[in-house]
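Visitor: My structure is in run-v8.csv, and what it holds is CSV, C-alpha atoms:
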```
chain,number,residue,atom,x,y,z
A,1,MET,CA,0.0,0.0,0.0
A,2,TYR,CA,2.8,2.4,0.8
A,3,LEU,CA,4.6,1.6,-2.5
A,4,THR,CA,1.4,2.2,-4.4
A,5,LEU,CA,1.0,5.7,-3.0
A,6,ARG,CA,4.7,6.7,-3.4
A,7,GLN,CA,4.9,6.2,-7.2
A,8,PRO,CA,2.2,8.9,-8.1
A,9,ILE,CA,3.7,11.4,-5.7
A,10,THR,CA,7.1,11.1,-7.2
A,11,GLN,CA,5.7,11.5,-10.7
A,12,ALA,CA,3.8,14.6,-9.7
A,13,GLY,CA,6.8,16.1,-8.1
A,14,LEU,CA,8.9,15.5,-11.1
A,15,THR,CA,6.2,17.2,-13.2
A,16,ILE,CA,6.1,20.3,-11.0
A,17,THR,CA,9.8,20.5,-10.8
A,18,GLY,CA,10.1,20.4,-14.6
A,19,ILE,CA,7.5,23.1,-15.1
A,20,SER,CA,9.3,25.3,-12.6
A,21,LEU,CA,12.6,24.9,-14.3
A,22,LEU,CA,10.9,25.6,-17.7
A,23,LEU,CA,9.3,28.8,-16.4
A,24,SER,CA,12.6,29.9,-14.9
A,25,PHE,CA,14.3,29.3,-18.3
A,26,VAL,CA,11.6,31.1,-20.3
A,27,THR,CA,11.6,34.1,-17.9
A,28,GLY,CA,15.3,34.4,-18.0
A,29,CYS,CA,15.4,34.3,-21.8
A,30,SER,CA,12.5,36.8,-22.0
A,31,THR,CA,14.4,39.3,-19.8
A,32,LYS,CA,17.6,38.9,-21.8
A,33,SER,CA,15.7,39.1,-25.1
A,34,SER,CA,13.9,42.3,-24.0
A,35,GLU,CA,17.2,43.9,-23.1
A,36,ASP,CA,18.8,42.8,-26.4
A,37,SER,CA,15.9,43.9,-28.6
A,38,LYS,CA,15.5,47.4,-27.3
A,39,PRO,CA,15.0,49.5,-30.5
A,40,PRO,CA,18.0,51.8,-31.4
A,41,ALA,CA,17.6,55.6,-31.6
A,42,PRO,CA,15.9,56.5,-34.9
A,43,GLN,CA,18.1,57.9,-37.6
A,44,VAL,CA,17.3,61.4,-38.9
A,45,GLU,CA,18.9,63.5,-41.6
A,46,VAL,CA,20.0,67.0,-40.5
A,47,ILE,CA,21.6,70.1,-41.8
A,48,THR,CA,24.0,72.3,-39.9
A,49,VAL,CA,22.8,75.9,-39.9
A,50,THR,CA,25.2,78.3,-41.6
A,51,THR,CA,25.0,82.0,-42.5
A,52,ARG,CA,25.8,83.6,-45.9
A,53,ALA,CA,25.4,86.8,-47.8
A,54,ILE,CA,22.4,86.8,-50.2
A,55,GLN,CA,20.6,89.3,-52.4
A,56,ASP,CA,17.5,90.6,-50.5
A,57,GLU,CA,15.0,91.4,-53.2
A,58,PRO,CA,11.5,92.4,-51.8
A,59,GLU,CA,8.6,92.5,-54.2
A,60,PHE,CA,5.8,95.0,-54.4
A,61,ILE,CA,2.7,95.7,-56.4
A,62,GLY,CA,3.0,98.6,-58.9
A,63,GLN,CA,1.1,100.4,-61.6
A,64,THR,CA,2.5,101.7,-64.8
A,65,GLU,CA,2.2,105.3,-65.9
A,66,SER,CA,3.3,107.1,-69.1
A,67,PHE,CA,6.4,109.3,-68.8
A,68,ARG,CA,4.6,112.4,-69.9
A,69,PRO,CA,0.8,112.3,-70.0
A,70,VAL,CA,0.1,115.7,-71.7
A,71,GLU,CA,-3.4,117.2,-71.8
A,72,ILE,CA,-4.3,119.1,-74.9
A,73,ARG,CA,-6.5,122.0,-74.2
A,74,PRO,CA,-7.4,125.0,-76.4
A,75,GLN,CA,-5.9,128.5,-75.6
A,76,VAL,CA,-8.8,130.2,-77.3
A,77,SER,CA,-12.6,129.6,-77.4
A,78,GLY,CA,-14.1,128.8,-80.8
A,79,VAL,CA,-15.5,126.2,-83.1
A,80,ILE,CA,-13.3,123.3,-84.3
A,81,LYS,CA,-12.8,123.6,-88.0
A,82,LYS,CA,-10.6,120.6,-88.7
A,83,ILE,CA,-8.9,117.6,-87.0
A,84,PHE,CA,-5.6,116.6,-88.6
A,85,PHE,CA,-4.6,113.4,-86.6
A,86,THR,CA,-5.7,109.8,-86.5
A,87,GLU,CA,-6.7,108.7,-83.0
A,88,GLY,CA,-4.5,106.1,-81.3
A,89,ARG,CA,-1.4,106.7,-83.5
A,90,ASN,CA,2.1,107.9,-82.7
A,91,ILE,CA,2.8,111.5,-83.6
A,92,LYS,CA,5.8,113.7,-83.6
A,93,LYS,CA,6.4,117.0,-81.7
A,94,GLY,CA,5.0,119.9,-83.7
A,95,ALA,CA,2.5,117.8,-85.6
A,96,ARG,CA,-0.9,119.5,-86.3
A,97,LEU,CA,-3.8,118.3,-84.2
A,98,TYR,CA,-6.8,120.8,-84.4
A,99,LEU,CA,-7.7,123.9,-86.2
A,100,ILE,CA,-10.2,126.3,-84.5
A,101,ASP,CA,-12.0,128.6,-87.0
A,102,PRO,CA,-9.4,131.4,-87.4
A,103,VAL,CA,-11.6,133.9,-89.2
A,104,PRO,CA,-12.7,136.0,-86.2
A,105,PHE,CA,-9.2,135.9,-84.7
A,106,ASN,CA,-7.6,137.0,-88.0
A,107,ALA,CA,-10.0,139.9,-88.1
A,108,ALA,CA,-9.2,140.9,-84.6
A,109,TYR,CA,-5.5,140.7,-85.4
A,110,ARG,CA,-5.8,142.9,-88.5
A,111,ASN,CA,-7.9,145.4,-86.5
A,112,SER,CA,-5.2,145.6,-83.8
A,113,LYS,CA,-2.6,146.3,-86.4
A,114,ALA,CA,-4.7,149.1,-87.8
A,115,LEU,CA,-5.0,150.6,-84.4
A,116,VAL,CA,-1.2,150.5,-84.1
A,117,SER,CA,-0.9,152.5,-87.3
A,118,GLN,CA,-3.4,155.0,-86.1
A,119,ALA,CA,-1.6,155.4,-82.8
A,120,GLN,CA,1.7,155.9,-84.5
A,121,ALA,CA,0.2,158.6,-86.7
A,122,LYS,CA,-1.2,160.4,-83.6
A,123,LEU,CA,2.2,160.2,-81.9
A,124,LEU,CA,3.9,161.6,-85.0
A,125,GLN,CA,1.4,164.5,-85.1
A,126,ALA,CA,1.8,165.2,-81.3
A,127,ASN,CA,5.6,165.3,-81.7
A,128,LYS,CA,5.3,167.8,-84.5
A,129,ASP,CA,3.0,170.0,-82.5
A,130,LEU,CA,5.4,170.0,-79.6
A,131,ALA,CA,8.3,170.8,-81.8
A,132,ARG,CA,6.4,173.7,-83.2
A,133,VAL,CA,5.3,175.4,-80.0
A,134,GLN,CA,8.5,174.9,-77.9
A,135,PRO,CA,10.5,177.6,-79.8
A,136,LEU,CA,7.6,180.0,-79.6
A,137,LEU,CA,7.6,179.9,-75.9
A,138,LYS,CA,11.0,181.5,-75.8
A,139,GLN,CA,9.6,184.3,-78.0
A,140,LYS,CA,6.6,184.5,-75.7
A,141,ALA,CA,4.4,183.9,-78.7
A,142,VAL,CA,2.6,181.1,-76.9
A,143,SER,CA,1.8,180.5,-73.3
A,144,LYS,CA,3.4,178.0,-71.0
A,145,LYS,CA,0.1,176.1,-70.8
A,146,GLU,CA,0.1,175.5,-74.6
A,147,VAL,CA,3.5,173.9,-74.4
A,148,ASP,CA,2.4,171.8,-71.4
A,149,ASP,CA,-0.6,170.6,-73.3
A,150,ALA,CA,1.6,169.6,-76.3
A,151,ILE,CA,3.9,167.6,-74.0
A,152,ALA,CA,0.9,165.9,-72.5
A,153,GLU,CA,-0.5,165.1,-75.9
A,154,VAL,CA,2.8,163.4,-76.8
A,155,SER,CA,2.7,161.3,-73.6
A,156,SER,CA,-0.9,160.3,-74.3
A,157,ALA,CA,-0.1,159.3,-77.9
A,158,LYS,CA,2.8,157.1,-76.6
A,159,ALA,CA,0.5,155.3,-74.2
A,160,ILE,CA,-2.1,154.7,-76.8
A,161,LEU,CA,0.6,153.3,-79.1
A,162,GLU,CA,1.8,150.9,-76.4
A,163,ALA,CA,-1.7,149.7,-75.7
A,164,ALA,CA,-2.3,149.1,-79.4
A,165,GLN,CA,1.0,147.2,-79.7
A,166,SER,CA,0.0,145.1,-76.7
A,167,GLU,CA,-3.3,144.3,-78.4
A,168,VAL,CA,-1.4,143.2,-81.5
A,169,ILE,CA,0.6,140.7,-79.4
A,170,ARG,CA,-2.6,139.3,-77.8
A,171,THR,CA,-4.5,139.0,-81.0
A,172,LYS,CA,-1.5,137.4,-82.7
A,173,PHE,CA,-1.2,134.9,-79.9
A,174,ASP,CA,-4.9,134.0,-80.3
A,175,LEU,CA,-4.6,133.7,-84.0
A,176,ASP,CA,-1.5,131.4,-83.7
A,177,ASN,CA,-3.3,129.2,-81.2
A,178,THR,CA,-6.2,128.5,-83.5
A,179,LEU,CA,-3.8,125.9,-84.8
A,180,ILE,CA,-3.1,123.4,-82.0
A,181,THR,CA,0.1,121.3,-82.4
A,182,ALA,CA,1.6,118.4,-80.4
A,183,PRO,CA,4.0,119.6,-77.7
A,184,VAL,CA,5.8,116.2,-77.4
A,185,ASP,CA,6.4,113.0,-79.2
A,186,GLY,CA,4.0,110.3,-78.1
A,187,ARG,CA,0.8,108.4,-78.8
A,188,VAL,CA,-2.3,110.5,-79.1
A,189,GLY,CA,-5.5,109.3,-77.5
A,190,ARG,CA,-9.2,109.6,-78.5
A,191,SER,CA,-10.5,113.0,-79.4
A,192,GLN,CA,-13.2,114.3,-77.1
A,193,PHE,CA,-14.4,116.9,-79.6
A,194,TYR,CA,-14.9,116.8,-83.3
A,195,GLU,CA,-15.6,119.3,-86.2
A,196,GLY,CA,-18.3,121.9,-85.5
A,197,ARG,CA,-18.1,121.6,-81.7
A,198,LEU,CA,-17.6,124.8,-79.6
A,199,VAL,CA,-14.7,124.5,-77.2
A,200,GLU,CA,-13.8,126.8,-74.2
A,201,ALA,CA,-10.4,128.2,-73.7
A,202,GLN,CA,-8.2,126.4,-71.1
A,203,THR,CA,-11.3,124.3,-70.1
A,204,SER,CA,-12.2,121.8,-72.7
A,205,LEU,CA,-9.9,118.7,-72.7
A,206,LEU,CA,-9.6,117.9,-76.4
A,207,THR,CA,-7.3,114.8,-76.1
A,208,THR,CA,-4.2,113.5,-74.4
A,209,ILE,CA,-0.7,112.5,-75.7
A,210,ASP,CA,1.2,109.9,-73.7
A,211,GLN,CA,5.0,109.8,-74.1
A,212,LEU,CA,5.7,106.1,-73.7
A,213,ASP,CA,9.5,106.0,-73.7
A,214,PRO,CA,10.6,105.7,-70.9
A,215,MET,CA,7.7,104.5,-68.8
A,216,TYR,CA,7.1,104.9,-65.1
A,217,VAL,CA,6.0,102.3,-62.6
A,218,ASN,CA,4.7,103.5,-59.2
A,219,VAL,CA,5.0,101.2,-56.2
A,220,SER,CA,3.5,101.6,-52.8
A,221,VAL,CA,5.8,100.5,-49.9
A,222,PRO,CA,4.1,99.7,-46.5
A,223,GLU,CA,5.3,101.7,-43.5
A,224,ASN,CA,6.0,98.6,-41.5
A,225,TYR,CA,8.4,97.4,-44.2
A,226,LEU,CA,10.2,100.8,-44.2
A,227,LEU,CA,10.6,100.6,-40.4
A,228,ARG,CA,11.9,97.1,-40.4
A,229,ARG,CA,14.3,97.9,-43.3
A,230,ARG,CA,15.7,100.9,-41.4
A,231,ARG,CA,16.2,98.7,-38.3
A,232,GLU,CA,18.1,96.1,-40.3
A,233,LEU,CA,20.3,98.7,-41.9
A,234,ASN,CA,21.1,100.2,-38.5
A,235,GLU,CA,22.0,96.7,-37.2
A,236,HIS,CA,24.1,96.0,-40.3
A,237,LYS,CA,22.0,93.0,-41.1
A,238,VAL,CA,21.3,94.5,-44.5
A,239,GLU,CA,23.4,96.7,-46.8
A,240,ARG,CA,22.4,98.8,-49.8
A,241,PRO,CA,23.8,101.4,-52.2
A,242,ASP,CA,22.4,104.9,-52.5
A,243,ILE,CA,18.6,104.7,-52.7
A,244,PHE,CA,18.5,106.0,-56.3
A,245,GLN,CA,20.8,103.2,-57.5
A,246,LEU,CA,18.2,100.6,-56.7
A,247,HIS,CA,17.0,98.6,-59.7
A,248,GLY,CA,13.6,97.1,-60.4
A,249,VAL,CA,12.6,93.9,-62.3
A,250,MET,CA,9.0,94.0,-63.6
A,251,THR,CA,6.7,91.0,-63.9
A,252,PHE,CA,3.4,91.3,-65.8
A,253,SER,CA,0.1,89.7,-64.7
A,254,ASP,CA,0.7,86.6,-67.0
A,255,GLY,CA,4.0,85.9,-65.2
A,256,SER,CA,6.3,87.1,-68.0
A,257,VAL,CA,9.3,89.2,-67.0
A,258,TYR,CA,10.1,92.5,-68.7
A,259,PRO,CA,13.6,92.2,-70.3
A,260,GLU,CA,14.7,95.8,-69.3
A,261,GLU,CA,15.5,96.8,-65.7
A,262,GLY,CA,14.2,100.0,-64.2
A,263,VAL,CA,15.9,102.5,-61.9
A,264,LEU,CA,14.3,104.2,-58.8
A,265,ASP,CA,14.2,107.9,-59.7
A,266,PHE,CA,11.7,109.3,-57.1
A,267,ALA,CA,10.6,108.6,-53.6
A,268,ASP,CA,7.8,110.6,-52.0
A,269,VAL,CA,8.4,112.9,-49.1
A,270,ALA,CA,5.4,111.8,-47.0
A,271,ILE,CA,3.5,108.6,-46.2
A,272,ARG,CA,0.0,108.6,-47.4
A,273,PRO,CA,-2.3,108.4,-44.3
A,274,GLU,CA,-5.2,106.7,-46.1
A,275,THR,CA,-3.0,103.7,-47.1
A,276,GLY,CA,0.0,103.9,-44.8
A,277,THR,CA,2.4,103.5,-47.7
A,278,LEU,CA,5.2,105.5,-49.2
A,279,GLN,CA,5.1,106.1,-53.0
A,280,GLY,CA,8.2,105.2,-55.0
A,281,ARG,CA,8.7,105.4,-58.8
A,282,PHE,CA,10.9,103.4,-61.2
A,283,ALA,CA,11.7,104.5,-64.7
A,284,PHE,CA,11.9,101.7,-67.3
A,285,PRO,CA,13.1,102.1,-70.8
A,286,ASN,CA,10.5,101.3,-73.4
A,287,PRO,CA,12.0,101.6,-76.9
A,288,ASP,CA,9.0,99.8,-78.4
A,289,GLY,CA,6.8,102.6,-77.3
A,290,LYS,CA,8.1,104.6,-80.2
A,291,ASN,CA,6.9,102.0,-82.6
A,292,ALA,CA,3.4,101.6,-84.1
A,293,PRO,CA,0.6,100.5,-81.7
A,294,GLY,CA,0.6,96.7,-81.2
A,295,GLN,CA,4.3,96.3,-81.1
A,296,SER,CA,4.6,97.0,-77.4
A,297,TYR,CA,2.5,95.6,-74.6
A,298,PHE,CA,3.7,97.9,-72.0
A,299,TYR,CA,0.7,100.2,-71.5
A,300,PRO,CA,-0.1,102.9,-68.9
A,301,GLY,CA,-2.4,101.7,-66.2
A,302,GLN,CA,-1.2,98.1,-66.0
A,303,PHE,CA,-0.8,96.4,-62.6
A,304,VAL,CA,2.5,94.6,-62.3
A,305,LYS,CA,5.0,93.3,-59.7
A,306,VAL,CA,8.3,95.0,-59.1
A,307,ARG,CA,11.2,93.1,-57.5
A,308,ILE,CA,13.7,95.5,-56.0
A,309,LYS,CA,17.4,94.7,-56.5
A,310,GLY,CA,20.3,96.2,-54.6
A,311,TYR,CA,19.8,95.1,-51.0
A,312,THR,CA,22.3,92.5,-49.5
A,313,ARG,CA,21.5,90.5,-46.4
A,314,THR,CA,24.9,89.9,-44.8
A,315,GLU,CA,24.2,86.9,-42.5
A,316,ALA,CA,21.2,85.2,-43.9
A,317,ILE,CA,20.0,81.7,-42.6
A,318,LEU,CA,18.4,79.5,-45.3
A,319,ILE,CA,17.1,76.0,-44.6
A,320,PRO,CA,15.2,73.6,-46.9
A,321,GLN,CA,11.5,74.2,-47.1
A,322,ARG,CA,10.7,70.6,-46.1
A,323,ALA,CA,12.3,71.2,-42.7
A,324,VAL,CA,9.8,73.9,-41.8
A,325,GLN,CA,6.5,72.6,-40.2
A,326,GLN,CA,3.3,74.5,-39.5
A,327,ARG,CA,1.0,74.6,-36.5
A,328,PRO,CA,-1.7,77.1,-35.4
A,329,SER,CA,0.7,79.2,-33.5
A,330,GLY,CA,3.1,79.5,-36.4
A,331,SER,CA,6.1,77.8,-38.0
A,332,PHE,CA,8.5,75.5,-36.2
A,333,VAL,CA,11.4,73.1,-36.9
A,334,TYR,CA,13.0,70.1,-35.0
A,335,VAL,CA,16.4,70.8,-33.7
A,336,VAL,CA,18.9,68.2,-32.4
A,337,ASP,CA,20.8,69.4,-29.4
A,338,ASP,CA,24.3,68.5,-28.3
A,339,THR,CA,23.1,65.3,-26.4
A,340,GLY,CA,21.2,64.0,-29.5
A,341,LYS,CA,17.8,64.9,-28.2
A,342,VAL,CA,15.0,66.5,-30.3
A,343,GLU,CA,13.8,70.0,-29.5
A,344,LEU,CA,10.7,71.7,-31.1
A,345,ARG,CA,11.8,75.2,-32.0
A,346,ALA,CA,9.4,78.1,-33.0
A,347,ILE,CA,10.9,80.1,-35.8
A,348,GLN,CA,10.0,83.1,-38.0
A,349,ALA,CA,10.2,82.2,-41.7
A,350,SER,CA,9.8,85.3,-43.9
A,351,ALA,CA,10.2,84.3,-47.5
A,352,TRP,CA,10.9,81.5,-50.0
A,353,ARG,CA,14.1,81.6,-52.0
A,354,GLY,CA,13.9,78.7,-54.5
A,355,ARG,CA,13.6,75.6,-52.4
A,356,GLU,CA,14.6,77.2,-49.2
A,357,TRP,CA,13.0,79.3,-46.4
A,358,LEU,CA,14.7,82.5,-45.3
A,359,ILE,CA,14.7,82.4,-41.4
A,360,GLU,CA,14.4,85.7,-39.6
A,361,ASN,CA,14.4,84.5,-36.0
A,362,GLY,CA,14.7,81.2,-34.0
A,363,LEU,CA,17.9,79.6,-35.4
A,364,HIS,CA,21.6,80.2,-34.9
A,365,ALA,CA,24.7,79.2,-36.9
A,366,GLY,CA,26.0,75.7,-35.9
A,367,GLU,CA,22.6,74.2,-34.8
A,368,GLN,CA,21.4,71.0,-36.4
A,369,VAL,CA,17.9,71.0,-38.0
A,370,ILE,CA,16.0,67.8,-38.9
A,371,VAL,CA,15.1,67.7,-42.6
A,372,GLU,CA,14.2,64.0,-43.1
A,373,GLY,CA,12.7,61.7,-40.4
A,374,PHE,CA,11.1,64.3,-38.2
A,375,HIS,CA,7.7,62.4,-38.5
A,376,ARG,CA,9.3,59.5,-36.6
A,377,VAL,CA,10.4,61.6,-33.5
A,378,LEU,CA,8.8,63.6,-30.7
A,379,PRO,CA,10.3,66.4,-28.6
A,380,GLY,CA,12.7,65.0,-26.1
A,381,ALA,CA,13.4,61.8,-28.1
A,382,GLN,CA,16.9,60.5,-28.6
A,383,VAL,CA,17.9,60.4,-32.2
A,384,GLU,CA,20.9,59.6,-34.4
A,385,PRO,CA,21.6,62.5,-36.7
A,386,VAL,CA,23.3,61.9,-40.1
A,387,PRO,CA,24.0,64.5,-42.8
A,388,TYR,CA,21.1,65.3,-45.1
A,389,GLN,CA,21.6,64.2,-48.7
A,390,GLU,CA,19.6,66.6,-51.0
A,391,GLU,CA,17.7,64.9,-53.8
A,392,GLN,CA,19.2,65.5,-57.3
A,393,LYS,CA,16.8,66.8,-59.8
```
Can you give me the file's structure in the form of structure tokens?
Guide:
Amino acid sequence: MYLTLRQPITQAGLTITGISLLLSFVTGCSTKSSEDSKPPAPQVEVITVTTRAIQDEPEFIGQTESFRPVEIRPQVSGVIKKIFFTEGRNIKKGARLYLIDPVPFNAAYRNSKALVSQAQAKLLQANKDLARVQPLLKQKAVSKKEVDDAIAEVSSAKAILEAAQSEVIRTKFDLDNTLITAPVDGRVGRSQFYEGRLVEAQTSLLTTIDQLDPMYVNVSVPENYLLRRRRELNEHKVERPDIFQLHGVMTFSDGSVYPEEGVLDFADVAIRPETGTLQGRFAFPNPDGKNAPGQSYFYPGQFVKVRIKGYTRTEAILIPQRAVQQRPSGSFVYVVDDTGKVELRAIQASAWRGREWLIENGLHAGEQVIVEGFHRVLPGAQVEPVPYQEEQK
């Protein structure tokens, strides 16, 4: 009976012992495997921040304007007799434009000339009368009053002659201005009056002539940009030549770039309070403006973009665009510190330059910025930085 009971107990003990040993072995292997299989720090590609000198070329909206927009107004009132030009064509300085009926002005001019002849005759007679009575005064054949009257008559005749001569100048001016000519070379616009219409002197706008070579482009520069630029110049972050040596590159609304560069030739003296901007003006050569219409597509009144050349940013920081992330509070990048840990850094990215962002604030030379692999890390994580290999295109 004793032997019968001992055999099962021994078998059970052996089973329990085996299980315990197995569990111990599995536990030991699991611990060792856990320690050996700890994932390595993720590898990320980084760039080292450097500074360099670059051309700083801000861009502004501008509007084109003719070099000389000349208004053609009559100097005399009258009826238009003839129009000599074809609307919308190029004309030369001195070309005939309008003829105002000259008949009444010619009559007035001829009448003023006759008055001059009459006044000259009266002056001649007055001088003769004075010459005749002056010797008689010494002989006491005439009174002193008669001589004084003769002198007064000469003076009066001279005044009448001067008035008549002035009237000749005026009437000649009016007669000459019945023919209206072009004061400049340019392209004449649409006529506002035609034959038979009565026009008022210095009031009626007959037409305009636009001198198209060169052309102006007016740009409006915001006040905050001016203040920031002045601060950068004072801090020697930006350098520039004399302001009137700045150049402009013009881009039309279809994206095409005008082949000629303009030069800043005027900056306003005051900021416009209604817009908070300062007006600047660039002069662009436009040799095609002297050609026939249709050979130049540089017209007054166009809206364009003007990129200003001449500023140099001395210590600019540029990083690839893909390194810059966005969140509601603004732009940020991931920076790897000296211990290999990731830091989320808020930055101020101001403008694109090709495939790079220009960084205004938030980064310093020598820091490492993650360009590839930042989606696999979180702030505070340990990483293994390797140099970024830019894709070849």
Visitor: Please determine, counting only C-alpha atoms, which residue among A:Gly280, A:Pro328, A:Gly189, A:Gly362 has the shortest atom-to-atom distance to Phe85 (chain A).
Guide: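 The shortest atom-to-atom distance to Phe85 (chain A) comes from A:Gly189.
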Visitor: Contacts of Glu274 (chain A) at 12 Å or less, counting only C-alpha atoms, minus same-chain residues fewer than 3 places along, as a list in words?
Guide: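 Those residues are Pro222, Glu223, Ala270, Ile271, Thr277 and Leu278 of chain A.
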Visitor: Need to verify the contact set: Arg353 (chain A), 12 Å, all atoms listed in the file, exclusion of same-chain residues closer than 3 positions in sequence. Can you return it as a compact mmCIF listing (two decimals) with C-alpha atoms, in the frame of the given file?
Guide:
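Okay, this is what ended up in around_4.txt:
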```
# COMPACT_ATOMS: atom_id res chain seq x y z
CA ILE A 54 22.40 86.80 -50.20
CA GLN A 55 20.60 89.30 -52.40
CA ASP A 56 17.50 90.60 -50.50
CA GLU A 57 15.00 91.40 -53.20
CA PRO A 58 11.50 92.40 -51.80
CA ALA A 316 21.20 85.20 -43.90
CA ILE A 317 20.00 81.70 -42.60
CA LEU A 318 18.40 79.50 -45.30
CA ILE A 319 17.10 76.00 -44.60
CA PRO A 320 15.20 73.60 -46.90
CA GLN A 321 11.50 74.20 -47.10
CA ALA A 349 10.20 82.20 -41.70
CA SER A 350 9.80 85.30 -43.90
CA GLU A 356 14.60 77.20 -49.20
CA TRP A 357 13.00 79.30 -46.40
CA LEU A 358 14.70 82.50 -45.30
CA ILE A 359 14.70 82.40 -41.40
```
Visitor: Just the number, please: distance in Å from CA of Pro293 (chain A) to CA of Pro214 (chain A), one decimal.
Guide: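 Interatomic distance, CA of Pro293 (chain A) to CA of Pro214 (chain A): 15.6 Å.
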Visitor: For region 156-255 of chain A versus region 106-116 of chain A, which residues have an atom no more than 10 Å away, and what is each residue's nearest atom pair and distance in Å rounded to one decimal, using all atoms listed in the file, chain-then-number order, as JSON lines?
Guide:
```
{"residue": "A:Ile160", "atom": "CA", "partner": "A:Val116", "partner_atom": "CA", "distance": 8.5}
{"residue": "A:Leu161", "atom": "CA", "partner": "A:Val116", "partner_atom": "CA", "distance": 6.0}
{"residue": "A:Glu162", "atom": "CA", "partner": "A:Val116", "partner_atom": "CA", "distance": 8.3}
{"residue": "A:Ala163", "atom": "CA", "partner": "A:Val116", "partner_atom": "CA", "distance": 8.5}
{"residue": "A:Ala164", "atom": "CA", "partner": "A:Val116", "partner_atom": "CA", "distance": 5.0}
{"residue": "A:Gln165", "atom": "CA", "partner": "A:Val116", "partner_atom": "CA", "distance": 5.9}
{"residue": "A:Ser166", "atom": "CA", "partner": "A:Ser112", "partner_atom": "CA", "distance": 8.8}
{"residue": "A:Glu167", "atom": "CA", "partner": "A:Ser112", "partner_atom": "CA", "distance": 5.9}
{"residue": "A:Val168", "atom": "CA", "partner": "A:Ser112", "partner_atom": "CA", "distance": 5.0}
{"residue": "A:Ile169", "atom": "CA", "partner": "A:Tyr109", "partner_atom": "CA", "distance": 8.6}
{"residue": "A:Arg170", "atom": "CA", "partner": "A:Tyr109", "partner_atom": "CA", "distance": 8.3}
{"residue": "A:Thr171", "atom": "CA", "partner": "A:Tyr109", "partner_atom": "CA", "distance": 4.8}
{"residue": "A:Lys172", "atom": "CA", "partner": "A:Tyr109", "partner_atom": "CA", "distance": 5.8}
{"residue": "A:Phe173", "atom": "CA", "partner": "A:Tyr109", "partner_atom": "CA", "distance": 9.1}
{"residue": "A:Asp174", "atom": "CA", "partner": "A:Tyr109", "partner_atom": "CA", "distance": 8.4}
{"residue": "A:Leu175", "atom": "CA", "partner": "A:Asn106", "partner_atom": "CA", "distance": 6.0}
{"residue": "A:Asp176", "atom": "CA", "partner": "A:Asn106", "partner_atom": "CA", "distance": 9.3}
{"residue": "A:Thr178", "atom": "CA", "partner": "A:Asn106", "partner_atom": "CA", "distance": 9.7}
```
Visitor: Report the centre and edge lengths, in Å to one decimal, of an axis-aligned box enclosing every atom of region 294-297 of chain A listed in the file, padded by 4 Å on each side, as AutoDock Vina command-line options.
Guide:
```
--center_x 2.6 --center_y 96.3 --center_z -77.9 --size_x 12.0 --size_y 9.4 --size_z 14.6
```
Visitor: Work out how far apart CA of Val76 (chain A) and CA of Gln120 (chain A) are and give it in Å to one decimal.
Guide: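 Going from CA of Val76 (chain A) over to CA of Gln120 (chain A), I get 28.7 Å.
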Visitor: Env of region 249-251 of chain A: 10 Å cut, atoms = all atoms listed in the file, seq-sep filter 4 positions within chain, self excluded. Answer as an NGL selection string.
Guide: :A and (57 or 59-62 or 217 or 255-263 or 282 or 284 or 303-309)
Visitor: For Pro385 (chain A), work out the shell of residues within 12 Å, counting only C-alpha atoms and skipping chain neighbours fewer than 6 positions away, then give it as a JSON list (two decimals) with C-alpha atoms, in the frame of the given file.
Guide:
```
[["chain", "number", "residue", "atom", "x", "y", "z"],
["A", 41, "ALA", "CA", 17.60, 55.60, -31.60],
["A", 42, "PRO", "CA", 15.90, 56.50, -34.90],
["A", 43, "GLN", "CA", 18.10, 57.90, -37.60],
["A", 44, "VAL", "CA", 17.30, 61.40, -38.90],
["A", 45, "GLU", "CA", 18.90, 63.50, -41.60],
["A", 46, "VAL", "CA", 20.00, 67.00, -40.50],
["A", 47, "ILE", "CA", 21.60, 70.10, -41.80],
["A", 48, "THR", "CA", 24.00, 72.30, -39.90],
["A", 334, "TYR", "CA", 13.00, 70.10, -35.00],
["A", 335, "VAL", "CA", 16.40, 70.80, -33.70],
["A", 336, "VAL", "CA", 18.90, 68.20, -32.40],
["A", 337, "ASP", "CA", 20.80, 69.40, -29.40],
["A", 338, "ASP", "CA", 24.30, 68.50, -28.30],
["A", 339, "THR", "CA", 23.10, 65.30, -26.40],
["A", 340, "GLY", "CA", 21.20, 64.00, -29.50],
["A", 341, "LYS", "CA", 17.80, 64.90, -28.20],
["A", 342, "VAL", "CA", 15.00, 66.50, -30.30],
["A", 367, "GLU", "CA", 22.60, 74.20, -34.80],
["A", 368, "GLN", "CA", 21.40, 71.00, -36.40],
["A", 369, "VAL", "CA", 17.90, 71.00, -38.00],
["A", 370, "ILE", "CA", 16.00, 67.80, -38.90],
["A", 371, "VAL", "CA", 15.10, 67.70, -42.60],
["A", 372, "GLU", "CA", 14.20, 64.00, -43.10],
["A", 373, "GLY", "CA", 12.70, 61.70, -40.40],
["A", 374, "PHE", "CA", 11.10, 64.30, -38.20],
["A", 377, "VAL", "CA", 10.40, 61.60, -33.50]]
```
Visitor: Find the spatial neighbours of Lys82 (chain A), counting all atoms listed in the file, within a cut-off of 9 Å - ignore same-chain residues fewer than 3 positions away - and output them as a list in words.
Guide: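 Contacts, in chain order: Leu97, Tyr98, Leu99, Ile100, Asp101, Tyr194, Glu195 and Gly196 of chain A.
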Visitor: Which value, in Å to one decimal, gives the distance between CA of Ile209 (chain A) and CA of Ala283 (chain A)?
Guide: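 The value is 18.4 Å.
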Visitor: Return the single residue from A:Arg272, A:Glu390, A:Lys122, A:Leu212 that is closest to Arg322 (chain A), with distances computed using only C-alpha atoms.
Guide: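 The closest residue to Arg322 (chain A) is A:Glu390.
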